[in-house]
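query.cif follows; it contains mmCIF, C-alpha atoms.
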data_my_file
loop_
_atom_site.label_atom_id
_atom_site.label_comp_id
_atom_site.auth_asym_id
_atom_site.auth_seq_id
_atom_site.Cartn_x
_atom_site.Cartn_y
_atom_site.Cartn_z
CA MET A 12 201.38 31.50 246.05
CA TYR A 13 199.61 34.73 246.94
CA LEU A 14 195.94 35.62 247.36
CA VAL A 15 194.83 39.21 246.71
CA VAL A 16 191.17 39.80 247.51
CA GLY A 17 188.96 42.74 246.66
CA LEU A 18 185.91 42.93 248.91
CA GLY A 19 182.49 43.87 247.59
CA ASN A 20 178.95 42.71 246.96
CA PRO A 21 178.01 40.83 243.78
CA GLY A 22 175.35 42.18 241.47
CA LYS A 23 174.66 45.24 239.34
CA GLU A 24 172.77 47.04 242.10
CA TYR A 25 175.97 47.25 244.17
CA GLU A 26 178.22 48.63 241.44
CA LYS A 27 179.78 51.99 242.35
CA THR A 28 178.74 51.68 245.99
CA ARG A 29 181.14 52.48 248.82
CA HIS A 30 181.27 48.84 249.95
CA ASN A 31 182.50 47.77 246.50
CA ILE A 32 185.74 49.71 246.44
CA GLY A 33 187.68 46.47 246.83
CA PHE A 34 186.08 45.13 243.64
CA MET A 35 186.88 48.40 241.83
CA MET A 36 190.53 48.23 242.81
CA ILE A 37 191.04 44.57 241.98
CA ASP A 38 189.27 45.03 238.63
CA TYR A 39 191.76 47.79 237.84
CA ILE A 40 194.71 45.56 238.79
CA ALA A 41 193.40 42.79 236.50
CA GLU A 42 192.84 45.27 233.68
CA LYS A 43 196.39 46.66 234.00
CA ARG A 44 197.83 43.13 234.08
CA ASN A 45 195.70 42.14 231.08
CA ILE A 46 194.08 39.23 232.90
CA SER A 47 190.39 38.49 233.38
CA PHE A 48 188.16 37.00 236.03
CA ASN A 49 187.39 33.94 233.97
CA ARG A 50 187.38 31.23 236.64
CA GLU A 51 184.80 30.34 239.24
CA LYS A 52 185.21 28.15 242.30
CA MET A 53 183.97 27.89 245.90
CA GLY A 54 181.77 30.99 245.79
CA GLY A 55 184.33 33.26 244.15
CA ILE A 56 185.36 34.45 240.73
CA TYR A 57 189.08 34.77 240.19
CA ALA A 58 191.93 35.48 237.85
CA GLU A 59 195.44 34.10 237.94
CA ASP A 60 198.52 36.25 237.59
CA ASN A 61 202.22 35.48 237.65
CA ILE A 62 204.73 38.01 238.93
CA ASP A 63 208.41 37.07 238.86
CA GLY A 64 207.52 33.39 238.91
CA GLU A 65 205.11 33.81 241.83
CA LYS A 66 201.54 32.62 241.23
CA VAL A 67 198.92 35.14 242.37
CA ILE A 68 195.18 34.61 242.63
CA LEU A 69 193.04 37.75 242.36
CA LEU A 70 189.73 36.97 244.03
CA LYS A 71 186.29 38.60 244.14
CA PRO A 72 184.10 36.67 246.61
CA GLN A 73 180.58 36.31 245.23
CA LYS A 74 178.82 35.91 248.55
CA TYR A 75 177.72 39.13 250.18
CA ILE A 76 180.57 41.06 251.76
CA ASN A 77 179.56 39.97 255.27
CA LEU A 78 180.19 36.33 254.23
CA SER A 79 183.37 36.90 252.21
CA GLY A 80 185.48 35.17 254.87
CA GLU A 81 183.84 31.86 253.99
CA VAL A 82 185.07 32.15 250.39
CA ILE A 83 188.53 33.37 251.42
CA GLY A 84 188.89 30.54 253.96
CA ASP A 85 187.97 27.98 251.30
CA PHE A 86 190.54 29.42 248.86
CA VAL A 87 193.25 29.48 251.55
CA ASP A 88 192.56 25.84 252.44
CA TYR A 89 192.22 24.60 248.86
CA PHE A 90 195.30 26.35 247.46
CA LYS A 91 197.33 26.01 250.71
CA ILE A 92 198.05 29.75 250.82
CA PRO A 93 200.12 30.92 253.80
CA LEU A 94 198.40 33.63 255.86
CA GLU A 95 201.37 35.96 255.32
CA ASN A 96 200.65 35.80 251.55
CA ILE A 97 197.12 37.22 251.79
CA LEU A 98 196.24 40.82 250.95
CA ILE A 99 192.69 42.15 251.42
CA ILE A 100 191.50 45.36 249.74
CA ASN A 101 188.54 46.84 251.63
CA ASP A 102 186.57 50.02 252.23
CA ASP A 103 187.17 51.96 255.46
CA MET A 104 184.84 54.56 256.98
CA ASP A 105 187.56 55.96 259.26
CA LEU A 106 189.56 57.24 256.29
CA GLU A 107 188.56 60.15 254.07
CA VAL A 108 187.55 59.46 250.48
CA GLY A 109 190.63 59.42 248.27
CA THR A 110 192.99 58.19 251.00
CA PHE A 111 194.26 54.74 251.90
CA LYS A 112 196.33 52.97 254.51
CA LEU A 113 198.32 49.76 254.45
CA ARG A 114 197.95 47.62 257.58
CA LEU A 115 199.89 44.53 258.56
CA SER A 116 197.15 43.34 260.95
CA GLY A 117 194.51 44.66 263.29
CA SER A 118 190.88 44.49 264.28
CA SER A 119 187.92 44.65 261.95
CA ALA A 120 187.01 48.12 263.30
CA GLY A 121 183.35 47.16 262.93
CA HIS A 122 183.63 46.11 259.25
CA ASN A 123 181.46 42.99 259.01
CA GLY A 124 183.35 41.62 256.02
CA LEU A 125 186.62 41.78 257.97
CA LYS A 126 184.91 40.22 261.02
CA ASN A 127 183.91 37.28 258.83
CA ILE A 128 187.45 36.97 257.46
CA GLU A 129 188.84 36.93 261.02
CA LEU A 130 186.33 34.22 261.93
CA HIS A 131 187.28 31.98 258.99
CA LEU A 132 191.04 32.59 259.10
CA ALA A 133 191.07 32.47 262.93
CA THR A 134 193.36 35.50 263.05
CA GLN A 135 193.52 39.28 262.66
CA ASP A 136 197.01 38.94 261.23
CA TYR A 137 196.55 39.46 257.51
CA LYS A 138 197.66 42.33 255.32
CA ARG A 139 195.21 44.86 253.98
CA ILE A 140 194.85 47.99 251.92
CA LYS A 141 192.13 50.09 253.51
CA ILE A 142 190.50 52.50 251.05
CA GLY A 143 188.77 55.51 252.57
CA ILE A 144 185.07 56.04 251.98
CA GLY A 145 184.53 58.66 254.71
CA LYS A 146 181.39 58.71 256.82
CA ASN A 147 178.24 60.70 257.32
CA SER A 148 176.72 60.69 260.80
CA MET A 149 173.36 61.74 259.32
CA ILE A 150 173.02 58.46 257.40
CA ASP A 151 172.68 54.99 258.90
CA LYS A 152 175.99 53.12 258.56
CA LYS A 153 174.46 50.27 256.51
CA ASP A 154 172.74 52.69 254.14
CA TYR A 155 175.93 54.72 253.83
CA VAL A 156 178.23 51.83 252.84
CA LEU A 157 175.61 50.54 250.38
CA GLY A 158 175.08 54.03 248.95
CA LYS A 159 176.34 55.02 245.52
CA LEU A 160 179.53 57.05 245.28
CA SER A 161 179.14 60.60 243.97
CA LYS A 162 180.94 61.64 240.78
CA GLU A 163 183.38 63.64 242.92
CA ASP A 164 184.10 60.64 245.15
CA LEU A 165 184.46 58.33 242.13
CA ASP A 166 187.06 60.74 240.72
CA LYS A 167 188.99 60.63 244.00
CA ILE A 168 188.80 56.83 244.04
CA SER A 169 189.90 56.69 240.41
CA ASP A 170 192.98 58.76 241.28
CA LEU A 171 193.96 56.06 243.82
CA LYS A 172 193.79 53.14 241.40
CA GLU A 173 197.29 53.60 239.98
CA THR A 174 198.77 53.82 243.49
CA VAL A 175 197.00 50.60 244.50
CA PHE A 176 198.32 48.97 241.32
CA ASN A 177 201.87 50.05 242.19
CA ILE A 178 201.43 48.67 245.73
CA TYR A 179 200.34 45.38 244.14
CA LEU A 180 203.49 45.23 242.02
CA ASP A 181 205.74 46.22 244.94
CA LEU A 182 204.15 43.57 247.17
CA PHE A 183 206.42 41.01 245.51
CA LYS A 184 209.58 43.13 245.65
CA MET A 185 209.80 44.22 249.29
CA THR A 186 208.71 43.39 252.80
CA PHE A 187 205.30 44.64 253.86
CA THR A 188 206.94 46.88 256.47
CA ASN A 189 208.96 48.54 253.70
CA LEU A 190 205.81 48.75 251.60
CA MET A 191 204.03 50.57 254.46
CA ASN A 192 207.00 52.90 254.87
CA LYS A 193 206.97 53.69 251.16
CA TYR A 194 203.23 54.28 250.72
CA ASN A 195 201.60 55.20 254.04
CA ARG A 196 201.43 58.95 254.64
#
Please express the file's structure as structure tokens.
Amino acid sequence: MYLVVGLGNPGKEYEKTRHNIGFMMIDYIAEKRNISFNREKMGGIYAEDNIDGEKVILLKPQKYINLSGEVIGDFVDYFKIPLENILIINDDMDLEVGTFKLRLSGSSAGHNGLKNIELHLATQDYKRIKIGIGKNSMIDKKDYVLGKLSKEDLDKISDLKETVFNIYLDLFKMTFTNLMNKYNR
């Protein structure tokens, strides 16, 4: 069993904000797979997928992003998901808008949602797709990540969705190292 998590904040006021890129990407994956987030459990809404006989849970934690590790930890414990079968999709200020990077493990780099995941999984060793949101030194970090994406930035993000979907499909066909070699630039 696999767990693929899109990070974001619940609620209409957070739609199309930089912090909700994980939600945007996982919604696109569900749409392309013709599945819906029709289940709710342990502070998360989720959809179930099946790829080549492998059960996959697509999860959108419904606690604020800084507490998403609580929800992820509960899902991992409840469904007995091995840590190597977790993929987190999150925003990253160190990458330009419209870019991404696959990572096998690593620190939170100041991302409070990832810090909370590390706390609840007791490791930094989980796979992730980091989606670039850029940064603006003139705007407070909290205000920036909670700020709405411009039309231009939304277009760049939209262009990435198909690539993220292809990464999702390839996740079940190759090792993560090979996946990084294929997709990371």
For a quick check of your reading of the model, name the residues lying within 6 Å of the coordinate (195.0, 40.9, 252.2), counting only C-alpha atoms, and write them as number ranges by chain. A: 15, 97-99, 137-139
Resulting file, chosen residues, C-alpha atoms, as a PDB file, keeping the file's coordinate frame:
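Output file part-v8.pdb is given in full below:
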ATOM      1  CA  VAL A  15     194.830  39.210 246.710  1.00  0.00           C
ATOM      2  CA  ILE A  97     197.120  37.220 251.790  1.00  0.00           C
ATOM      3  CA  LEU A  98     196.240  40.820 250.950  1.00  0.00           C
ATOM      4  CA  ILE A  99     192.690  42.150 251.420  1.00  0.00           C
ATOM      5  CA  TYR A 137     196.550  39.460 257.510  1.00  0.00           C
ATOM      6  CA  LYS A 138     197.660  42.330 255.320  1.00  0.00           C
ATOM      7  CA  ARG A 139     195.210  44.860 253.980  1.00  0.00           C
TER       8      ARG A 139
END
Taking the file as I've supplied it (selection: the PyMOL selection byres ((chain A and resi 14) around 12)), which residues are included? Please answer as a PyMOL selection string. chain A and resi 12-13+15-17+37+57-61+65-72+82-100+137-139+179+182-183
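Among the candidates A:Tyr75, A:Tyr25, A:Phe111, A:Phe48, the residue lying nearest to A:Asn195 is A:Phe111 (atoms considered: all atoms listed in the file).
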Could you list the residues chosen by the PyMOL selection byres ((chain A and resi 106) around 8) in this structure as number ranges by chain? A: 103-105, 107-108, 110-111, 142-145
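Picture a line from atom CA of A:Lys152 to atom CA of A:Leu18; it runs 17.2 Å.
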Report the residues retrieved by the PyMOL selection byres ((chain A and resi 170) around 12) from the displayed file, expressed as a PyMOL selection string. chain A and resi 36+39+108-111+142+163-169+171-176
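Atom pair atom CA of A:Asn77 / atom CA of A:Glu42 has a distance of 25.9 Å (rounded to one decimal).
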One decimal, in Å: what's the spacing between atom CA of A:Asp63 and atom CA of A:Asp136?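 One can read the atom CA of A:Asp63 to atom CA of A:Asp136 distance as 25.2 Å.
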Go through A:Asn101, A:Ser79, A:Lys43, A:Phe34 and flag the residue nearest A:Gly55, using only C-alpha atoms for the distances.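 Closest residue, counting only C-alpha atoms: A:Ser79.
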As a PyMOL selection string, please: the residues near A:Arg29 (cut-off 7 Å, all atoms listed in the file, same-chain neighbours under 6 positions excluded). chain A and resi 102+144+156-160
Looking at A:Ile40, A:Lys74, A:Glu81, A:Met35, which one is nearest to A:Ala133, with distances taken over all atoms listed in the file?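 Once distances to A:Ala133 are computed over all atoms listed in the file, the minimum belongs to A:Glu81.
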Residues at most 9 Å from A:Met191, counting all atoms listed in the file, excluding those fewer than 2 positions away in the same chain, as a PyMOL selection string? chain A and resi 112-115+186-189+193-196
Will you model N, CA and C atoms for stretch 139-168 of chain A and pass it back as a short mmCIF file (atom, residue, chain, number, x, y, z; two decimals), in the frame of the given file?
data_model
loop_
_atom_site.label_atom_id
_atom_site.label_comp_id
_atom_site.auth_asym_id
_atom_site.auth_seq_id
_atom_site.Cartn_x
_atom_site.Cartn_y
_atom_site.Cartn_z
N ARG A 139 196.35 44.23 254.65
CA ARG A 139 195.21 44.86 253.98
C ARG A 139 195.57 46.24 253.45
N ILE A 140 194.84 46.62 252.42
CA ILE A 140 194.85 47.99 251.92
C ILE A 140 193.45 48.52 252.22
N LYS A 141 193.40 49.48 253.12
CA LYS A 141 192.13 50.09 253.51
C LYS A 141 191.93 51.34 252.67
N ILE A 142 190.80 51.38 251.94
CA ILE A 142 190.50 52.50 251.05
C ILE A 142 189.41 53.35 251.71
N GLY A 143 189.70 54.62 251.88
CA GLY A 143 188.77 55.51 252.57
C GLY A 143 187.48 55.77 251.82
N ILE A 144 186.37 55.69 252.55
CA ILE A 144 185.07 56.04 251.98
C ILE A 144 184.41 57.16 252.80
N GLY A 145 185.10 57.62 253.87
CA GLY A 145 184.53 58.66 254.71
C GLY A 145 183.30 58.16 255.45
N LYS A 146 182.63 59.08 256.14
CA LYS A 146 181.39 58.71 256.82
C LYS A 146 180.49 59.92 256.92
N ASN A 147 179.24 59.65 257.17
CA ASN A 147 178.24 60.70 257.32
C ASN A 147 177.35 60.31 258.49
N SER A 148 177.46 61.03 259.59
CA SER A 148 176.72 60.69 260.80
C SER A 148 175.21 60.87 260.64
N MET A 149 174.80 61.53 259.57
CA MET A 149 173.36 61.74 259.32
C MET A 149 172.72 60.54 258.62
N ILE A 150 173.54 59.61 258.14
CA ILE A 150 173.02 58.46 257.40
C ILE A 150 173.39 57.19 258.16
N ASP A 151 172.43 56.27 258.27
CA ASP A 151 172.68 54.99 258.90
C ASP A 151 173.89 54.31 258.24
N LYS A 152 174.75 53.71 259.05
CA LYS A 152 175.99 53.12 258.56
C LYS A 152 175.74 52.13 257.40
N LYS A 153 174.75 51.25 257.55
CA LYS A 153 174.46 50.27 256.51
C LYS A 153 174.04 50.97 255.21
N ASP A 154 173.18 51.96 255.33
CA ASP A 154 172.74 52.69 254.14
C ASP A 154 173.90 53.46 253.51
N TYR A 155 174.79 53.96 254.34
CA TYR A 155 175.93 54.72 253.83
C TYR A 155 176.87 53.84 253.01
N VAL A 156 177.27 52.68 253.56
CA VAL A 156 178.23 51.83 252.84
C VAL A 156 177.61 51.24 251.57
N LEU A 157 176.28 51.07 251.57
CA LEU A 157 175.61 50.54 250.38
C LEU A 157 175.18 51.64 249.42
N GLY A 158 175.44 52.90 249.80
CA GLY A 158 175.08 54.03 248.95
C GLY A 158 176.04 54.20 247.79
N LYS A 159 175.53 54.77 246.72
CA LYS A 159 176.34 55.02 245.52
C LYS A 159 177.34 56.15 245.79
N LEU A 160 178.51 56.01 245.20
CA LEU A 160 179.53 57.05 245.28
C LEU A 160 179.15 58.21 244.36
N SER A 161 179.39 59.42 244.81
CA SER A 161 179.14 60.60 243.97
C SER A 161 180.20 60.66 242.87
N LYS A 162 179.95 61.46 241.86
CA LYS A 162 180.94 61.64 240.78
C LYS A 162 182.26 62.15 241.36
N GLU A 163 182.17 63.09 242.28
CA GLU A 163 183.38 63.64 242.92
C GLU A 163 184.16 62.55 243.67
N ASP A 164 183.44 61.72 244.42
CA ASP A 164 184.10 60.64 245.15
C ASP A 164 184.67 59.59 244.21
N LEU A 165 183.94 59.29 243.12
CA LEU A 165 184.46 58.33 242.13
C LEU A 165 185.75 58.84 241.51
N ASP A 166 185.83 60.15 241.27
CA ASP A 166 187.06 60.74 240.72
C ASP A 166 188.22 60.57 241.70
N LYS A 167 187.95 60.80 242.99
CA LYS A 167 188.99 60.63 244.00
C LYS A 167 189.45 59.18 244.08
N ILE A 168 188.49 58.26 244.00
CA ILE A 168 188.80 56.83 244.04
C ILE A 168 189.61 56.45 242.80
#
